>>> print(open('structure-v1.cif').read())   # mmCIF, C-alpha atoms and all ligand atoms
data_input
loop_
_atom_site.label_atom_id
_atom_site.label_comp_id
_atom_site.auth_asym_id
_atom_site.auth_seq_id
_atom_site.Cartn_x
_atom_site.Cartn_y
_atom_site.Cartn_z
CA MET M 1 -11.09 -54.35 -172.54
CA ASN M 2 -10.93 -50.54 -172.71
CA GLN M 3 -10.15 -48.45 -175.80
CA THR M 4 -6.44 -48.01 -174.94
CA ASN M 5 -5.95 -51.74 -174.52
CA VAL M 6 -7.73 -52.48 -177.81
CA LEU M 7 -5.42 -50.03 -179.60
CA LYS M 8 -2.38 -51.51 -177.85
CA GLU M 9 -3.34 -55.04 -178.95
CA GLN M 10 -3.93 -53.89 -182.54
CA ASN M 11 -0.48 -52.29 -182.69
CA GLN M 12 1.26 -55.35 -181.31
CA VAL M 13 3.62 -57.17 -183.60
CA PRO M 14 2.46 -60.82 -183.87
CA GLU M 15 4.54 -63.18 -181.73
CA PRO M 16 5.46 -65.50 -184.67
CA THR M 17 6.90 -62.44 -186.45
CA LEU M 18 8.92 -61.52 -183.35
CA ARG M 19 10.24 -65.07 -183.22
CA ARG M 20 11.25 -65.03 -186.89
CA LEU M 21 12.96 -61.60 -186.95
CA PRO M 22 16.04 -62.82 -185.01
CA TRP M 23 16.52 -65.51 -187.70
CA TYR M 24 16.70 -62.78 -190.35
CA LEU M 25 19.11 -60.87 -188.15
CA SER M 26 21.45 -63.85 -187.73
CA ASN M 27 21.27 -64.50 -191.45
CA ALA M 28 22.09 -60.86 -192.27
CA LYS M 29 25.05 -60.96 -189.87
CA LEU M 30 26.37 -64.10 -191.54
CA LEU M 31 26.02 -62.45 -194.96
CA ARG M 32 27.87 -59.36 -193.70
CA GLN M 33 30.70 -61.62 -192.51
CA GLN M 34 30.81 -63.10 -196.01
CA GLY M 35 31.10 -59.62 -197.51
CA ALA M 36 27.58 -59.21 -198.94
CA GLN M 37 26.22 -55.69 -199.30
CA TYR M 38 22.62 -56.45 -200.24
CA VAL M 39 20.22 -59.27 -199.52
CA SER M 40 16.82 -60.02 -201.03
CA SER M 41 13.79 -61.68 -199.42
CA THR M 42 14.38 -64.59 -201.80
CA GLN M 43 17.94 -65.07 -200.51
CA ILE M 44 16.78 -64.89 -196.88
CA SER M 45 14.04 -67.32 -197.81
CA LYS M 46 16.55 -69.86 -199.16
CA ALA M 47 18.73 -69.58 -196.06
CA THR M 48 15.94 -69.70 -193.48
CA ASN M 49 13.40 -71.90 -195.27
CA ILE M 50 10.68 -69.30 -194.69
CA GLU M 51 8.45 -68.13 -197.58
CA ALA M 52 9.75 -64.91 -199.21
CA SER M 53 6.25 -63.38 -198.97
CA GLN M 54 6.22 -64.09 -195.21
CA ILE M 55 9.64 -62.46 -194.85
CA ALA M 56 8.47 -59.35 -196.70
CA LYS M 57 5.38 -59.24 -194.46
CA ASP M 58 7.47 -59.65 -191.29
CA LEU M 59 9.89 -56.96 -192.41
CA SER M 60 6.98 -54.59 -193.10
CA TYR M 61 6.74 -54.14 -189.29
CA VAL M 62 10.29 -52.87 -189.30
CA ALA M 63 11.27 -49.44 -190.66
CA ILE M 64 13.19 -50.67 -193.69
CA THR M 65 12.50 -50.62 -197.41
CA GLY M 66 14.28 -52.81 -199.91
CA ARG M 67 15.55 -51.55 -203.25
CA THR M 68 14.03 -53.03 -206.39
CA ARG M 69 16.06 -55.97 -207.67
CA VAL M 70 18.94 -55.62 -205.15
CA GLY M 71 16.98 -56.06 -201.93
CA TYR M 72 17.86 -54.77 -198.47
CA ASP M 73 21.12 -53.12 -197.51
CA VAL M 74 22.68 -55.70 -195.16
CA GLY M 75 24.19 -53.16 -192.74
CA GLU M 76 20.93 -51.23 -192.53
CA LEU M 77 18.92 -54.42 -192.07
CA ILE M 78 21.13 -55.47 -189.14
CA HIS M 79 20.95 -52.04 -187.54
CA VAL M 80 17.18 -51.70 -187.95
CA LEU M 81 16.45 -55.24 -186.73
CA GLU M 82 18.72 -54.96 -183.68
CA ASP M 83 17.08 -51.67 -182.81
CA PHE M 84 13.54 -52.96 -183.38
CA LEU M 85 14.13 -56.12 -181.36
CA GLY M 86 15.51 -54.07 -178.47
CA PHE M 87 18.95 -55.72 -178.74
CA THR M 88 20.71 -52.34 -178.69
CA GLN M 89 18.89 -50.93 -175.68
CA GLY M 90 20.94 -52.52 -172.89
CA HIS M 91 18.16 -53.98 -170.73
CA LYS M 92 19.42 -54.61 -167.23
CA ALA M 93 18.42 -57.78 -165.39
CA PHE M 94 18.74 -59.49 -162.02
CA LEU M 95 18.85 -63.28 -161.79
CA PHE M 96 17.46 -65.35 -158.91
CA GLY M 97 18.88 -68.81 -158.23
CA VAL M 98 22.53 -69.39 -159.12
CA GLY M 99 22.34 -73.17 -159.60
CA SER M 100 23.30 -75.18 -162.69
CA LEU M 101 20.99 -73.22 -164.97
CA GLY M 102 21.36 -69.78 -163.35
CA GLY M 103 25.14 -70.19 -163.23
CA ALA M 104 25.23 -71.13 -166.91
CA LEU M 105 23.16 -68.06 -167.83
CA LEU M 106 25.53 -65.84 -165.84
CA GLY M 107 28.43 -67.38 -167.76
CA ASP M 108 26.80 -66.77 -171.13
CA SER M 109 28.24 -63.58 -172.62
CA GLY M 110 25.92 -64.06 -175.59
CA LEU M 111 23.03 -62.46 -173.68
CA LEU M 112 24.88 -59.15 -173.73
CA HIS M 113 24.97 -59.25 -177.54
CA PHE M 114 21.21 -59.56 -177.45
CA GLY M 115 20.88 -56.48 -175.28
CA MET M 116 20.54 -58.10 -171.86
CA GLU M 117 23.01 -57.21 -169.17
CA ILE M 118 22.73 -59.25 -165.96
CA VAL M 119 24.02 -56.79 -163.37
CA GLY M 120 23.59 -58.99 -160.32
CA ALA M 121 22.33 -62.34 -159.08
CA PHE M 122 20.72 -63.56 -155.87
CA ASP M 123 21.00 -66.80 -153.96
CA ILE M 124 20.77 -67.95 -150.36
CA ASN M 125 23.62 -70.45 -150.43
CA PRO M 126 26.44 -68.96 -148.26
CA ALA M 127 29.02 -70.64 -150.50
CA LYS M 128 27.77 -68.59 -153.46
CA VAL M 129 26.84 -65.26 -151.84
CA GLY M 130 29.75 -62.81 -152.08
CA THR M 131 31.32 -64.56 -155.09
CA THR M 132 31.09 -63.64 -158.79
CA ILE M 133 30.49 -65.51 -162.03
CA ASN M 134 31.72 -63.90 -165.24
CA GLY M 135 32.24 -60.71 -163.22
CA ILE M 136 28.60 -60.68 -162.05
CA PRO M 137 28.24 -60.32 -158.27
CA ILE M 138 26.07 -62.76 -156.32
CA PHE M 139 24.16 -61.22 -153.42
CA HIS M 140 21.93 -62.65 -150.73
CA THR M 141 18.25 -62.69 -151.74
CA ASN M 142 17.46 -60.58 -148.67
CA SER M 143 19.36 -57.64 -150.15
CA PHE M 144 17.26 -57.53 -153.35
CA GLU M 145 15.16 -54.47 -152.39
CA GLU M 146 18.31 -52.56 -151.46
CA ARG M 147 20.02 -53.50 -154.76
CA MET M 148 16.94 -52.41 -156.73
CA ARG M 149 17.52 -48.90 -155.41
CA ASP M 150 21.10 -48.92 -156.75
CA HIS M 151 20.39 -50.18 -160.28
CA ALA M 152 17.79 -49.34 -162.93
CA VAL M 153 16.70 -52.94 -163.39
CA ASN M 154 13.33 -53.97 -164.81
CA ILE M 155 13.87 -57.62 -165.78
CA GLY M 156 14.06 -60.57 -163.39
CA ILE M 157 15.34 -63.97 -164.47
CA LEU M 158 13.83 -66.82 -162.49
CA THR M 159 15.99 -69.95 -162.09
CA VAL M 160 15.08 -70.99 -158.55
CA PRO M 161 13.62 -74.34 -157.43
CA ILE M 162 9.99 -74.73 -158.49
CA GLU M 163 8.64 -74.67 -154.89
CA ILE M 164 9.65 -71.03 -154.43
CA ALA M 165 8.98 -69.79 -157.97
CA GLN M 166 5.84 -67.86 -156.96
CA THR M 167 7.30 -66.45 -153.73
CA ILE M 168 10.34 -65.10 -155.57
CA THR M 169 8.16 -63.74 -158.38
CA ASP M 170 6.03 -61.86 -155.84
CA LYS M 171 9.20 -60.49 -154.27
CA MET M 172 10.54 -59.33 -157.63
CA VAL M 173 7.28 -57.65 -158.61
CA ALA M 174 6.91 -55.94 -155.22
CA GLY M 175 10.48 -54.66 -155.65
CA GLY M 176 9.68 -53.06 -159.03
CA ILE M 177 10.55 -55.73 -161.63
CA LYS M 178 8.41 -55.26 -164.77
CA ALA M 179 9.22 -58.42 -166.74
CA VAL M 180 9.97 -61.95 -165.57
CA TRP M 181 11.89 -64.41 -167.70
CA ASN M 182 10.65 -67.61 -166.13
CA PHE M 183 12.74 -70.74 -166.60
CA THR M 184 10.96 -72.72 -163.90
CA PRO M 185 8.22 -75.14 -164.96
CA PHE M 186 5.82 -73.28 -162.66
CA ARG M 187 3.07 -71.15 -164.26
CA ILE M 188 3.72 -68.02 -162.20
CA ARG M 189 0.95 -65.50 -161.61
CA VAL M 190 1.66 -61.78 -161.88
CA PRO M 191 -0.43 -58.61 -161.64
CA TYR M 192 -1.82 -57.03 -164.82
CA GLY M 193 0.85 -55.17 -166.79
CA ILE M 194 3.79 -57.37 -165.75
CA VAL M 195 5.35 -59.24 -168.66
CA VAL M 196 6.09 -62.96 -168.30
CA GLN M 197 8.13 -64.98 -170.74
CA ASN M 198 8.20 -68.71 -170.01
CA THR M 199 11.15 -70.56 -171.50
CA SER M 200 11.72 -74.29 -171.39
CA LEU M 201 14.41 -76.31 -173.11
CA TYR M 202 12.37 -79.40 -172.29
CA ALA M 203 9.31 -78.17 -174.19
CA HIS M 204 11.40 -78.12 -177.37
CA LEU M 205 12.78 -81.51 -176.49
CA ALA M 206 9.24 -82.92 -176.33
CA VAL M 207 8.51 -81.53 -179.80
CA MET M 208 11.73 -83.06 -181.15
CA PHE M 209 10.99 -86.48 -179.63
CA ASN M 210 7.45 -86.41 -180.96
CA ARG M 211 8.58 -85.50 -184.51
CA LEU M 212 11.41 -88.04 -184.36
CA ASN M 213 9.01 -90.82 -183.36
CA ALA M 214 6.66 -89.83 -186.19
CA ALA M 215 9.56 -89.92 -188.67
CA LEU M 216 10.83 -93.38 -187.62
P1 LIG J 301 19.72 -75.90 -158.84
O1 LIG J 301 19.22 -76.64 -157.65
O2 LIG J 301 21.05 -76.26 -159.42
O3 LIG J 301 19.73 -74.33 -158.51
C1 LIG J 301 18.76 -73.65 -157.77
C2 LIG J 301 19.45 -72.50 -157.07
O4 LIG J 301 18.45 -71.70 -156.44
C3 LIG J 301 20.43 -72.95 -155.97
O5 LIG J 301 21.68 -72.31 -156.14
C4 LIG J 301 19.74 -72.51 -154.69
O6 LIG J 301 20.64 -72.18 -153.67
C5 LIG J 301 18.98 -71.28 -155.19
N1 LIG J 301 17.93 -70.83 -154.30
C6 LIG J 301 17.18 -71.53 -153.41
N2 LIG J 301 16.37 -70.70 -152.72
C7 LIG J 301 16.62 -69.44 -153.19
C8 LIG J 301 16.11 -68.16 -152.87
N3 LIG J 301 15.18 -67.97 -151.94
N4 LIG J 301 16.60 -67.09 -153.56
C9 LIG J 301 17.54 -67.24 -154.51
N5 LIG J 301 18.07 -68.44 -154.85
C10 LIG J 301 17.61 -69.52 -154.19
O7 LIG J 301 18.59 -76.03 -159.94
P2 LIG J 301 18.71 -75.86 -161.54
O8 LIG J 301 18.94 -77.17 -162.14
O9 LIG J 301 19.63 -74.73 -161.89
O10 LIG J 301 17.20 -75.45 -161.89
C11 LIG J 301 16.68 -74.22 -161.44
C12 LIG J 301 15.26 -74.03 -161.97
O11 LIG J 301 15.27 -74.00 -163.37
C13 LIG J 301 14.32 -75.18 -161.60
O12 LIG J 301 13.04 -74.64 -161.37
C14 LIG J 301 14.33 -76.06 -162.83
O13 LIG J 301 13.13 -76.81 -162.96
C15 LIG J 301 14.45 -75.02 -163.90
N6 LIG J 301 15.10 -75.48 -165.15
C16 LIG J 301 14.53 -75.07 -166.31
C17 LIG J 301 15.09 -75.37 -167.52
C18 LIG J 301 14.44 -74.83 -168.76
O14 LIG J 301 14.69 -75.30 -169.84
N7 LIG J 301 13.59 -73.85 -168.64
C19 LIG J 301 16.27 -76.13 -167.58
C20 LIG J 301 16.84 -76.54 -166.37
C21 LIG J 301 16.26 -76.20 -165.16
#
>>> encode(input="structure-v1.cif", output="structure tokens", more="lines below")
Ligand code: NAD
Amino acid sequence: MNQTNVLKEQNQVPEPTLRRLPWYLSNAKLLRQQGAQYVSSTQISKATNIEASQIAKDLSYVAITGRTRVGYDVGELIHVLEDFLGFTQGHKAFLFGVGSLGGALLGDSGLLHFGMEIVGAFDINPAKVGTTINGIPIFHTNSFEERMRDHAVNIGILTVPIEIAQTITDKMVAGGIKAVWNFTPFRIRVPYGIVVQNTSLYAHLAVMFNRLNAAL
């Protein structure tokens, strides 16, 4: 590893922290709805079941300082967290594979609130190409390279059948995609510098079943 990479790794926010910060954000939004102006680590701790010291440590990565005794300004906390987590930046994405899962993601307006705008989707099924879901146009996969020239997109969402997961990933990367949100159960390979986020509902299900069995 060279010097730049070492420095990059040292400056990286730990993944568990990045996973917890959205919980604090949701909690702060709920408190704002309820009319609260300030929130302390102890209050967030009670609501999220995470140690107050851990919360303070997590929030130390974010540019916010609490006020003695009153805590954090709720509005400021929301603003700073949304900004830090990249939810305000409007990341544009393309989705590949408009099946049950891909179609559901296109229909989910919630992604936009988290800063991800799906500007187009690709499929090969003639019944889907040329239609829209939630106002998002569905193009033929063959036109991907052309569409990449029209939009500043750097995220690709992968919801294709497992057999073509790698082929489509290679296509995305060759076309200029910098991050792949992989929903397929295939461990895709990408060149150095390309970000991959694997997401599986089933992985969480396995954890739940395992814990449930242990509790019975
Ligand atoms: P599906 O069969 O309903 O949809 C797949 C879609 O991909 C179809 O519309 C098909 O026409 C399209 N497709 C085929 N070849 C293509 C190509 N070359 N370019 C673009 N699109 C193409 O399948 P599904 O149930 O939506 O599942 C899709 C993927 O997501 C699978 O790999 C599945 O294992 C995975 N999945 C993951 C989770 C999760 O929790 N991560 C949940 C459900 C499904």
>>> residues_around(input="structure-v1.cif", residues="stretch 77-85 of chain M", least_positions_apart="3", cutoff="8 Å", atoms="all atoms listed in the file", output="PyMOL selection string")
chain M and resi 18+21-22+25+28-29+62-64+72-74+88-89
>>> closest_residue(input="structure-v1.cif", among="M:Lys171, M:Lys178, M:Lys57, M:Lys92", to="ligand LIG 301 (chain J)", atoms="all atoms listed in the file")
M:Lys171
>>> residues_near_ligand(input="structure-v1.cif", ligand="ligand LIG 301 (chain J)", cutoff="10 Å", atoms="only C-alpha atoms and all ligand atoms", output="JSON, numbers by chain")
{"M": [95, 96, 97, 98, 99, 100, 101, 102, 103, 104, 105, 121, 122, 123, 124, 125, 126, 127, 128, 129, 138, 139, 140, 141, 142, 144, 158, 159, 160, 161, 162, 163, 164, 165, 167, 168, 171, 181, 182, 183, 184, 185, 186, 198, 199, 200, 201, 202, 203, 204, 205]}
>>> atom_distance(input="structure-v1.cif", atom1="atom CA of M:Phe87", atom2="atom CA of M:Phe114")
4.6 Å
>>> residues_near_point(input="structure-v1.cif", point="(15.2, -53.2, -162.4)", cutoff="7 Å", atoms="all atoms listed in the file", output="VMD selection string")
chain M and resid 92 to 93 148 151 to 155 176 to 177
>>> closest_residue(input="structure-v1.cif", among="M:Arg69, M:Ile44, M:Asn134, M:Val195", to="M:Gly110", atoms="all atoms listed in the file")
M:Asn134
>>> residues_around(input="structure-v1.cif", residues="M:Ile50", least_positions_apart="4", cutoff="12 Å", atoms="all atoms listed in the file", output="list in words")
Pro16, Thr17, Arg20, Leu21, Trp23, Tyr24, Ser41, Thr42, Gln43, Ile44, Ser45, Lys46, Gln54, Ile55, Ala56, Lys57 and Asp58 of chain M
>>> axis_aligned_box(input="structure-v1.cif", around="stretch 81-96 of chain M", padding_each_side="6 Å", output="AutoDock Vina command-line options")
--center_x 17.2 --center_y -58.1 --center_z -172.8 --size_x 19.4 --size_y 26.4 --size_z 39.8
>>> closest_residue(input="structure-v1.cif", among="M:His91, M:Thr132, M:Ala179, M:Gln166", to="M:Gly107", atoms="all atoms listed in the file")
M:Thr132
>>> atom_distance(input="structure-v1.cif", atom1="atom CA of M:Gln197", atom2="atom CA of M:Val180")
6.3 Å
>>> closest_residue(input="structure-v1.cif", among="M:Asn213, M:Leu106, M:Asp150, M:Gly156", to="M:Pro137", atoms="all atoms listed in the file")
M:Leu106
>>> atom_distance(input="structure-v1.cif", atom1="atom CA of M:Met116", atom2="atom CA of M:Ile136")
13.0 Å
>>> closest_residue(input="structure-v1.cif", among="M:Asn27, M:Val207, M:Arg67, M:Ala214", to="M:Thr48", atoms="all atoms listed in the file")
M:Asn27
>>> closest_residue(input="structure-v1.cif", among="M:Gly120, M:Val173, M:Ile133, M:Phe94", to="M:Ile157", atoms="all atoms listed in the file")
M:Phe94
